[in-house]
Amino acid sequence: ESAIDYFKQHPTLRYLSFSIQDSHKFCECSRCKTEIGRHPNKTAALTAMNARFLNAVAERFDKDLPAAGIPANKTIVYIAYSDVREVPPFRIHGSILPVVVFTIGDALIDKRFEPGSDIIELWGNAVKQMGNHDWGQGHMYFIPRIYTGLTSRLFRAAKARGLTWGYQHMEAYPNWGLDGPKLWVSARIFWNPDVDEEALWRQFARDLFPGANASIERYFRLLRSLWIKMDNDAERKLKKWSNQFELRSEEQREMARECRRLLDTAARQSRSDAERARVDLFSKSYRLTEYFFEFANAKTIRRARVEAARQYALTVVAVDPMAVYSGGNLAEFQAVFTPALETVTKGKIVD
């Protein structure tokens, strides 16, 4: 009934959400408890119960919307999250669009492309269409976190499976100076899975860095590779300062050093003030990452070096909204930066 009222008021709209709230509060009546007991665990039970309810709503759509003079080509959207996050154990109606919540950037370490846990294969057994809510955060990361190659791989796999990718959302909170360009590249992939991800990065470098395009293209290629290698040996969760900056091999350490050399080269190659300013944004933002790399991978750190990093962060990065997400808001920046610095230097400072 609410759907009929809604679509009568908004006849041109195609979607209506029947999603649970972001909580763990569910009905505990005797009927629900009995049903939960029939399943392997509570999450599996609630997933199945929710999907069964949505199927019933979709079947009513088929019958009741045309009877009310409303086209039946409407889509029911739900967030596959919290305790309804699993793949339903049966096919769901073709008009239902689950928005599956998983981090594309962690697809390798979470084995999203491997047999038995492949996200497209698992959901493809139950749905005709799906979407994704991606935690693409920059905020609470002080490292460039670029995984557009994984995004391209995911979207191509969905298309090859014949799934309609009906929705894509990214919680971005961007660190523009570290990995902001990934938002433009990602958006292009969202719209067209067949687009060449590498060609997009070449276009970005060519269009904005005419003098330094080769160095900038190489810089962002290295950053993409570095994230994949780092996150593939230990998941780098947001705000997990204890391992976010660990470089676990000499190869990773050399990649981080090469990034600095490329930025310095790009600064010399720039042909205009505008181009130099763009290089400077990435350079000064990456300098903060370099401090964290240095401290997290050192056995001892001079106190003066720590204070130099603190002053740099507060006077250069914190005041620039384009550097990191909390830039321009000193209190917010310090609330994240201070515990990160304390964590990576704990027990290492010497006078």
# chains A, B, ... in the order shown; residues from 1 in each chain; ligands from 1
>>> closest_atom_pairs(of="range 46-75 of chain A", to="range 10-14 of chain A", cutoff="9 Å", atoms="only C-alpha atoms", output="JSON lines")
{"residue": "A:Ile70", "atom": "CA", "partner": "A:Pro11", "partner_atom": "CA", "distance": 7.3}
{"residue": "A:Pro71", "atom": "CA", "partner": "A:Pro11", "partner_atom": "CA", "distance": 8.6}
{"residue": "A:Asn73", "atom": "CA", "partner": "A:Arg14", "partner_atom": "CA", "distance": 7.2}
{"residue": "A:Lys74", "atom": "CA", "partner": "A:Arg14", "partner_atom": "CA", "distance": 4.9}
{"residue": "A:Thr75", "atom": "CA", "partner": "A:Arg14", "partner_atom": "CA", "distance": 6.0}
>>> write_last_selection(atoms="all heavy atoms", output="CSV table (one decimal), in the first residue's frame")
chain,number,residue,atom,x,y,z
A,70,ILE,N,-0.4,1.8,-12.4
A,70,ILE,CA,1.0,2.1,-12.3
A,70,ILE,C,1.8,1.0,-13.0
A,70,ILE,O,1.6,-0.2,-12.8
A,70,ILE,CB,1.5,2.1,-10.8
A,70,ILE,CG1,0.7,3.1,-10.0
A,70,ILE,CG2,3.0,2.4,-10.7
A,70,ILE,CD1,0.9,3.0,-8.5
A,71,PRO,N,2.8,1.4,-13.9
A,71,PRO,CA,3.6,0.4,-14.6
A,71,PRO,C,4.3,-0.5,-13.6
A,71,PRO,O,4.8,-0.1,-12.5
A,71,PRO,CB,4.6,1.2,-15.4
A,71,PRO,CG,3.9,2.6,-15.6
A,71,PRO,CD,3.1,2.8,-14.3
A,73,ASN,N,7.1,-1.9,-13.9
A,73,ASN,CA,8.6,-2.0,-14.0
A,73,ASN,C,9.3,-1.2,-12.9
A,73,ASN,O,10.1,-0.4,-13.2
A,73,ASN,CB,9.0,-1.5,-15.4
A,73,ASN,CG,8.6,0.0,-15.6
A,73,ASN,OD1,7.7,0.5,-14.9
A,73,ASN,ND2,9.2,0.7,-16.6
A,74,LYS,N,8.9,-1.4,-11.7
A,74,LYS,CA,9.5,-0.8,-10.6
A,74,LYS,C,10.5,-1.7,-9.9
A,74,LYS,O,10.4,-2.9,-10.0
A,74,LYS,CB,8.4,-0.3,-9.6
A,74,LYS,CG,7.3,0.6,-10.2
A,74,LYS,CD,7.9,1.8,-10.8
A,74,LYS,CE,6.7,2.7,-11.2
A,74,LYS,NZ,7.2,4.0,-11.9
A,75,THR,N,11.5,-1.1,-9.2
A,75,THR,CA,12.5,-1.9,-8.6
A,75,THR,C,12.5,-1.7,-7.1
A,75,THR,O,12.4,-0.6,-6.6
A,75,THR,CB,13.9,-1.5,-9.1
A,75,THR,OG1,13.9,-1.8,-10.5
A,75,THR,CG2,15.0,-2.3,-8.5
>>> select_by_dssp(residues="range 86-154 of chain A", states="alpha helix (DSSP H)", output="list of chain:residue names")
A:Ile119, A:Ile120, A:Glu121, A:Leu122, A:Trp123, A:Gly124, A:Thr148, A:Gly149, A:Leu150, A:Thr151, A:Ser152, A:Arg153, A:Leu154
>>> closest_residue(among="A:Ala331, A:Leu247, A:Val319, A:Leu200", to="Asp231 in chain A", atoms="only C-alpha atoms")
A:Leu247
>>> residues_around(residues="Ala205 in chain A", least_positions_apart="2", cutoff="10 Å", atoms="only C-alpha atoms", output="mmCIF file with N, CA and C atoms, in the first residue's frame")
data_model
loop_
_atom_site.group_PDB
_atom_site.id
_atom_site.type_symbol
_atom_site.label_atom_id
_atom_site.label_comp_id
_atom_site.auth_asym_id
_atom_site.auth_seq_id
_atom_site.Cartn_x
_atom_site.Cartn_y
_atom_site.Cartn_z
ATOM 1 N N PRO A 181 42.293 11.489 -7.587
ATOM 2 C CA PRO A 181 41.960 11.131 -8.966
ATOM 3 C C PRO A 181 41.225 9.805 -9.115
ATOM 4 N N ALA A 199 43.886 3.498 -19.702
ATOM 5 C CA ALA A 199 43.735 4.647 -20.598
ATOM 6 C C ALA A 199 43.188 5.853 -19.851
ATOM 7 N N LEU A 200 42.333 5.630 -18.863
ATOM 8 C CA LEU A 200 41.805 6.744 -18.074
ATOM 9 C C LEU A 200 42.915 7.430 -17.297
ATOM 10 N N TRP A 201 43.816 6.632 -16.716
ATOM 11 C CA TRP A 201 44.926 7.240 -15.971
ATOM 12 C C TRP A 201 45.857 8.007 -16.910
ATOM 13 N N ARG A 202 46.054 7.483 -18.122
ATOM 14 C CA ARG A 202 46.878 8.210 -19.098
ATOM 15 C C ARG A 202 46.220 9.528 -19.479
ATOM 16 N N GLN A 203 44.914 9.511 -19.643
ATOM 17 C CA GLN A 203 44.205 10.744 -19.988
ATOM 18 C C GLN A 203 44.315 11.756 -18.860
ATOM 19 N N ASP A 207 46.036 15.304 -19.602
ATOM 20 C CA ASP A 207 45.202 16.509 -19.594
ATOM 21 C C ASP A 207 45.637 17.524 -18.551
ATOM 22 N N LEU A 208 46.074 17.068 -17.381
ATOM 23 C CA LEU A 208 46.377 17.994 -16.285
ATOM 24 C C LEU A 208 47.865 18.245 -16.100
ATOM 25 N N PHE A 209 48.719 17.415 -16.714
ATOM 26 C CA PHE A 209 50.164 17.562 -16.535
ATOM 27 C C PHE A 209 50.860 17.445 -17.891
ATOM 28 N N PRO A 210 50.681 18.432 -18.766
ATOM 29 C CA PRO A 210 51.229 18.322 -20.123
ATOM 30 C C PRO A 210 52.740 18.179 -20.164
ATOM 31 N N GLY A 211 53.433 18.797 -19.226
ATOM 32 C CA GLY A 211 54.891 18.681 -19.217
ATOM 33 C C GLY A 211 55.375 17.460 -18.467
ATOM 34 N N ALA A 212 54.650 17.065 -17.447
ATOM 35 C CA ALA A 212 55.100 16.000 -16.543
ATOM 36 C C ALA A 212 54.231 14.757 -16.648
ATOM 37 N N ASN A 213 53.517 14.581 -17.760
ATOM 38 C CA ASN A 213 52.518 13.508 -17.823
ATOM 39 C C ASN A 213 53.140 12.126 -17.637
ATOM 40 N N ALA A 214 54.322 11.883 -18.182
ATOM 41 C CA ALA A 214 54.927 10.554 -18.054
ATOM 42 C C ALA A 214 55.266 10.255 -16.591
ATOM 43 N N SER A 215 55.807 11.239 -15.880
ATOM 44 C CA SER A 215 56.167 11.041 -14.476
ATOM 45 C C SER A 215 54.926 10.860 -13.612
ATOM 46 N N ILE A 216 53.887 11.656 -13.867
ATOM 47 C CA ILE A 216 52.665 11.552 -13.067
ATOM 48 C C ILE A 216 51.942 10.240 -13.338
ATOM 49 N N GLU A 217 51.904 9.839 -14.608
ATOM 50 C CA GLU A 217 51.273 8.547 -14.917
ATOM 51 C C GLU A 217 52.001 7.418 -14.199
ATOM 52 N N ARG A 218 53.331 7.451 -14.228
ATOM 53 C CA ARG A 218 54.133 6.430 -13.546
ATOM 54 C C ARG A 218 53.913 6.494 -12.033
ATOM 55 N N TYR A 219 53.818 7.696 -11.483
ATOM 56 C CA TYR A 219 53.599 7.869 -10.043
ATOM 57 C C TYR A 219 52.305 7.178 -9.612
ATOM 58 N N PHE A 220 51.219 7.432 -10.313
ATOM 59 C CA PHE A 220 49.946 6.835 -9.913
ATOM 60 C C PHE A 220 49.878 5.348 -10.239
#
>>> residues_around(residues="range 320-329 of chain A", least_positions_apart="4", cutoff="7 Å", atoms="only C-alpha atoms", output="ChimeraX atom specification")
/A:138-139,173-178,281,285,316,333
>>> closest_residue(among="A:Phe61, A:Phe26, A:Trp123, A:Tyr286", to="Ser82 in chain A", atoms="only C-alpha atoms")
A:Phe26
>>> atom_distance(atom1="CA of Asn243 in chain A", atom2="CA of Gly116 in chain A")
28.2 Å
>>> residues_around(residues="range 153-160 of chain A", least_positions_apart="2", cutoff="7 Å", atoms="only C-alpha atoms", output="JSON, numbers by chain")
{"A": [120, 149, 150, 151, 162, 163, 193, 194]}
>>> write_last_selection(atoms="C-alpha atoms", output="PDB file, in the first residue's frame")
ATOM      1  CA  ILE A 120      29.780 -12.211  -8.367  1.00  0.00           C
ATOM      2  CA  GLY A 149      42.032  -1.986 -11.307  1.00  0.00           C
ATOM      3  CA  LEU A 150      39.962  -4.057  -8.862  1.00  0.00           C
ATOM      4  CA  THR A 151      36.905  -1.908  -9.595  1.00  0.00           C
ATOM      5  CA  GLY A 162      24.979 -11.161 -17.211  1.00  0.00           C
ATOM      6  CA  LEU A 163      24.157  -9.278 -14.029  1.00  0.00           C
ATOM      7  CA  PRO A 193      32.633  -1.491 -17.410  1.00  0.00           C
ATOM      8  CA  ASP A 194      34.331  -1.803 -20.793  1.00  0.00           C
TER       9      ASP A 194
END
>>> select_by_dssp(residues="range 62-120 of chain A", states="strand (DSSP E)", output="PyMOL selection string")
chain A and resi 75-80+96-101
>>> write_last_selection(atoms="all heavy atoms", output="PDB file, in the first residue's frame")
ATOM      1  N   THR A  75      11.475  -1.133  -9.218  1.00  0.00           N
ATOM      2  CA  THR A  75      12.530  -1.914  -8.582  1.00  0.00           C
ATOM      3  C   THR A  75      12.512  -1.711  -7.066  1.00  0.00           C
ATOM      4  O   THR A  75      12.422  -0.580  -6.588  1.00  0.00           O
ATOM      5  CB  THR A  75      13.912  -1.500  -9.127  1.00  0.00           C
ATOM      6  OG1 THR A  75      13.944  -1.762 -10.533  1.00  0.00           O
ATOM      7  CG2 THR A  75      15.035  -2.271  -8.451  1.00  0.00           C
ATOM      8  N   ILE A  76      12.585  -2.813  -6.356  1.00  0.00           N
ATOM      9  CA  ILE A  76      12.704  -2.780  -4.899  1.00  0.00           C
ATOM     10  C   ILE A  76      14.187  -2.872  -4.548  1.00  0.00           C
ATOM     11  O   ILE A  76      14.881  -3.812  -4.963  1.00  0.00           O
ATOM     12  CB  ILE A  76      11.954  -3.959  -4.253  1.00  0.00           C
ATOM     13  CG1 ILE A  76      10.460  -3.876  -4.572  1.00  0.00           C
ATOM     14  CG2 ILE A  76      12.186  -3.991  -2.748  1.00  0.00           C
ATOM     15  CD1 ILE A  76       9.691  -5.106  -4.169  1.00  0.00           C
ATOM     16  N   VAL A  77      14.669  -1.914  -3.800  1.00  0.00           N
ATOM     17  CA  VAL A  77      16.075  -1.874  -3.405  1.00  0.00           C
ATOM     18  C   VAL A  77      16.195  -2.226  -1.928  1.00  0.00           C
ATOM     19  O   VAL A  77      15.381  -1.794  -1.115  1.00  0.00           O
ATOM     20  CB  VAL A  77      16.674  -0.467  -3.645  1.00  0.00           C
ATOM     21  CG1 VAL A  77      18.150  -0.436  -3.259  1.00  0.00           C
ATOM     22  CG2 VAL A  77      16.497  -0.046  -5.101  1.00  0.00           C
ATOM     23  N   TYR A  78      17.188  -3.040  -1.587  1.00  0.00           N
ATOM     24  CA  TYR A  78      17.478  -3.235  -0.160  1.00  0.00           C
ATOM     25  C   TYR A  78      18.986  -3.319   0.042  1.00  0.00           C
ATOM     26  O   TYR A  78      19.728  -3.726  -0.846  1.00  0.00           O
ATOM     27  CB  TYR A  78      16.769  -4.470   0.402  1.00  0.00           C
ATOM     28  CG  TYR A  78      17.462  -5.803   0.188  1.00  0.00           C
ATOM     29  CD1 TYR A  78      18.264  -6.371   1.186  1.00  0.00           C
ATOM     30  CD2 TYR A  78      17.289  -6.521  -0.990  1.00  0.00           C
ATOM     31  CE1 TYR A  78      18.861  -7.609   1.007  1.00  0.00           C
ATOM     32  CE2 TYR A  78      17.891  -7.753  -1.177  1.00  0.00           C
ATOM     33  CZ  TYR A  78      18.675  -8.298  -0.168  1.00  0.00           C
ATOM     34  OH  TYR A  78      19.281  -9.520  -0.347  1.00  0.00           O
ATOM     35  N   ILE A  79      19.422  -2.896   1.210  1.00  0.00           N
ATOM     36  CA  ILE A  79      20.835  -2.918   1.567  1.00  0.00           C
ATOM     37  C   ILE A  79      21.157  -4.276   2.181  1.00  0.00           C
ATOM     38  O   ILE A  79      20.611  -4.635   3.224  1.00  0.00           O
ATOM     39  CB  ILE A  79      21.190  -1.795   2.564  1.00  0.00           C
ATOM     40  CG1 ILE A  79      20.734  -0.438   2.038  1.00  0.00           C
ATOM     41  CG2 ILE A  79      22.692  -1.788   2.840  1.00  0.00           C
ATOM     42  CD1 ILE A  79      21.439   0.034   0.804  1.00  0.00           C
ATOM     43  N   ALA A  80      22.030  -5.030   1.533  1.00  0.00           N
ATOM     44  CA  ALA A  80      22.468  -6.321   2.065  1.00  0.00           C
ATOM     45  C   ALA A  80      23.596  -6.048   3.062  1.00  0.00           C
ATOM     46  O   ALA A  80      24.780  -6.095   2.726  1.00  0.00           O
ATOM     47  CB  ALA A  80      22.932  -7.233   0.938  1.00  0.00           C
ATOM     48  N   ILE A  96      14.001  -7.158  -7.622  1.00  0.00           N
ATOM     49  CA  ILE A  96      14.672  -6.796  -6.364  1.00  0.00           C
ATOM     50  C   ILE A  96      16.146  -6.532  -6.636  1.00  0.00           C
ATOM     51  O   ILE A  96      16.830  -7.328  -7.286  1.00  0.00           O
ATOM     52  CB  ILE A  96      14.511  -7.902  -5.306  1.00  0.00           C
ATOM     53  CG1 ILE A  96      13.038  -8.100  -4.964  1.00  0.00           C
ATOM     54  CG2 ILE A  96      15.313  -7.568  -4.050  1.00  0.00           C
ATOM     55  CD1 ILE A  96      12.781  -9.285  -4.058  1.00  0.00           C
ATOM     56  N   LEU A  97      16.633  -5.422  -6.146  1.00  0.00           N
ATOM     57  CA  LEU A  97      18.030  -5.014  -6.323  1.00  0.00           C
ATOM     58  C   LEU A  97      18.718  -4.959  -4.964  1.00  0.00           C
ATOM     59  O   LEU A  97      18.524  -4.005  -4.203  1.00  0.00           O
ATOM     60  CB  LEU A  97      18.098  -3.643  -7.006  1.00  0.00           C
ATOM     61  CG  LEU A  97      19.457  -2.924  -7.039  1.00  0.00           C
ATOM     62  CD1 LEU A  97      20.488  -3.745  -7.793  1.00  0.00           C
ATOM     63  CD2 LEU A  97      19.318  -1.544  -7.670  1.00  0.00           C
ATOM     64  N   PRO A  98      19.530  -5.963  -4.608  1.00  0.00           N
ATOM     65  CA  PRO A  98      20.306  -5.881  -3.371  1.00  0.00           C
ATOM     66  C   PRO A  98      21.545  -5.019  -3.570  1.00  0.00           C
ATOM     67  O   PRO A  98      22.259  -5.163  -4.566  1.00  0.00           O
ATOM     68  CB  PRO A  98      20.687  -7.327  -3.092  1.00  0.00           C
ATOM     69  CG  PRO A  98      20.730  -7.963  -4.439  1.00  0.00           C
ATOM     70  CD  PRO A  98      19.727  -7.240  -5.310  1.00  0.00           C
ATOM     71  N   VAL A  99      21.792  -4.116  -2.657  1.00  0.00           N
ATOM     72  CA  VAL A  99      23.025  -3.319  -2.659  1.00  0.00           C
ATOM     73  C   VAL A  99      23.957  -3.973  -1.642  1.00  0.00           C
ATOM     74  O   VAL A  99      23.762  -3.846  -0.434  1.00  0.00           O
ATOM     75  CB  VAL A  99      22.738  -1.851  -2.303  1.00  0.00           C
ATOM     76  CG1 VAL A  99      24.041  -1.059  -2.243  1.00  0.00           C
ATOM     77  CG2 VAL A  99      21.790  -1.231  -3.324  1.00  0.00           C
ATOM     78  N   VAL A 100      24.930  -4.705  -2.142  1.00  0.00           N
ATOM     79  CA  VAL A 100      25.801  -5.525  -1.300  1.00  0.00           C
ATOM     80  C   VAL A 100      26.938  -4.654  -0.770  1.00  0.00           C
ATOM     81  O   VAL A 100      27.621  -3.971  -1.537  1.00  0.00           O
ATOM     82  CB  VAL A 100      26.351  -6.716  -2.100  1.00  0.00           C
ATOM     83  CG1 VAL A 100      27.174  -7.628  -1.202  1.00  0.00           C
ATOM     84  CG2 VAL A 100      25.197  -7.497  -2.744  1.00  0.00           C
ATOM     85  N   VAL A 101      27.128  -4.678   0.528  1.00  0.00           N
ATOM     86  CA  VAL A 101      28.119  -3.812   1.164  1.00  0.00           C
ATOM     87  C   VAL A 101      29.436  -4.572   1.312  1.00  0.00           C
ATOM     88  O   VAL A 101      29.537  -5.511   2.103  1.00  0.00           O
ATOM     89  CB  VAL A 101      27.618  -3.314   2.537  1.00  0.00           C
ATOM     90  CG1 VAL A 101      28.653  -2.391   3.177  1.00  0.00           C
ATOM     91  CG2 VAL A 101      26.271  -2.606   2.390  1.00  0.00           C
TER      92      VAL A 101
END
>>> residues_around(residues="range 251-257 of chain A", least_positions_apart="2", cutoff="8 Å", atoms="only C-alpha atoms", output="list in words")
Leu222, Leu226, Lys229, Met230, Leu247, Arg248, Ser249, Cys259, Arg260, Arg261 and Glu290 of chain A
>>> write_last_selection(atoms="C-alpha atoms", output="short mmCIF file (atom, residue, chain, number, x, y, z; two decimals), in the first residue's frame")
data_model
loop_
_atom_site.label_atom_id
_atom_site.label_comp_id
_atom_site.auth_asym_id
_atom_site.auth_seq_id
_atom_site.Cartn_x
_atom_site.Cartn_y
_atom_site.Cartn_z
CA LEU A 222 53.16 2.81 -8.67
CA LEU A 226 51.75 -0.40 -3.88
CA LYS A 229 50.88 -5.33 -2.54
CA MET A 230 50.40 -3.76 0.90
CA LEU A 247 56.20 -1.79 4.19
CA ARG A 248 56.87 -5.49 4.51
CA SER A 249 59.39 -5.99 1.73
CA CYS A 259 57.20 7.72 -5.86
CA ARG A 260 59.13 10.59 -4.30
CA ARG A 261 61.67 10.64 -7.14
CA GLU A 290 56.50 9.38 3.79
#
>>> closest_residue(among="A:Ala56, A:Ala67, A:Leu108, A:Ala172", to="Tyr141 in chain A", atoms="only C-alpha atoms")
A:Ala172
>>> residues_around(residues="Glu86 in chain A", least_positions_apart="2", cutoff="12 Å", atoms="only C-alpha atoms", output="PyMOL selection string")
chain A and resi 41-51+79-84+88-90+98-102+117+119+122-123+126
>>> atom_distance(atom1="CA of Glu294 in chain A", atom2="CA of Asp106 in chain A")
24.0 Å
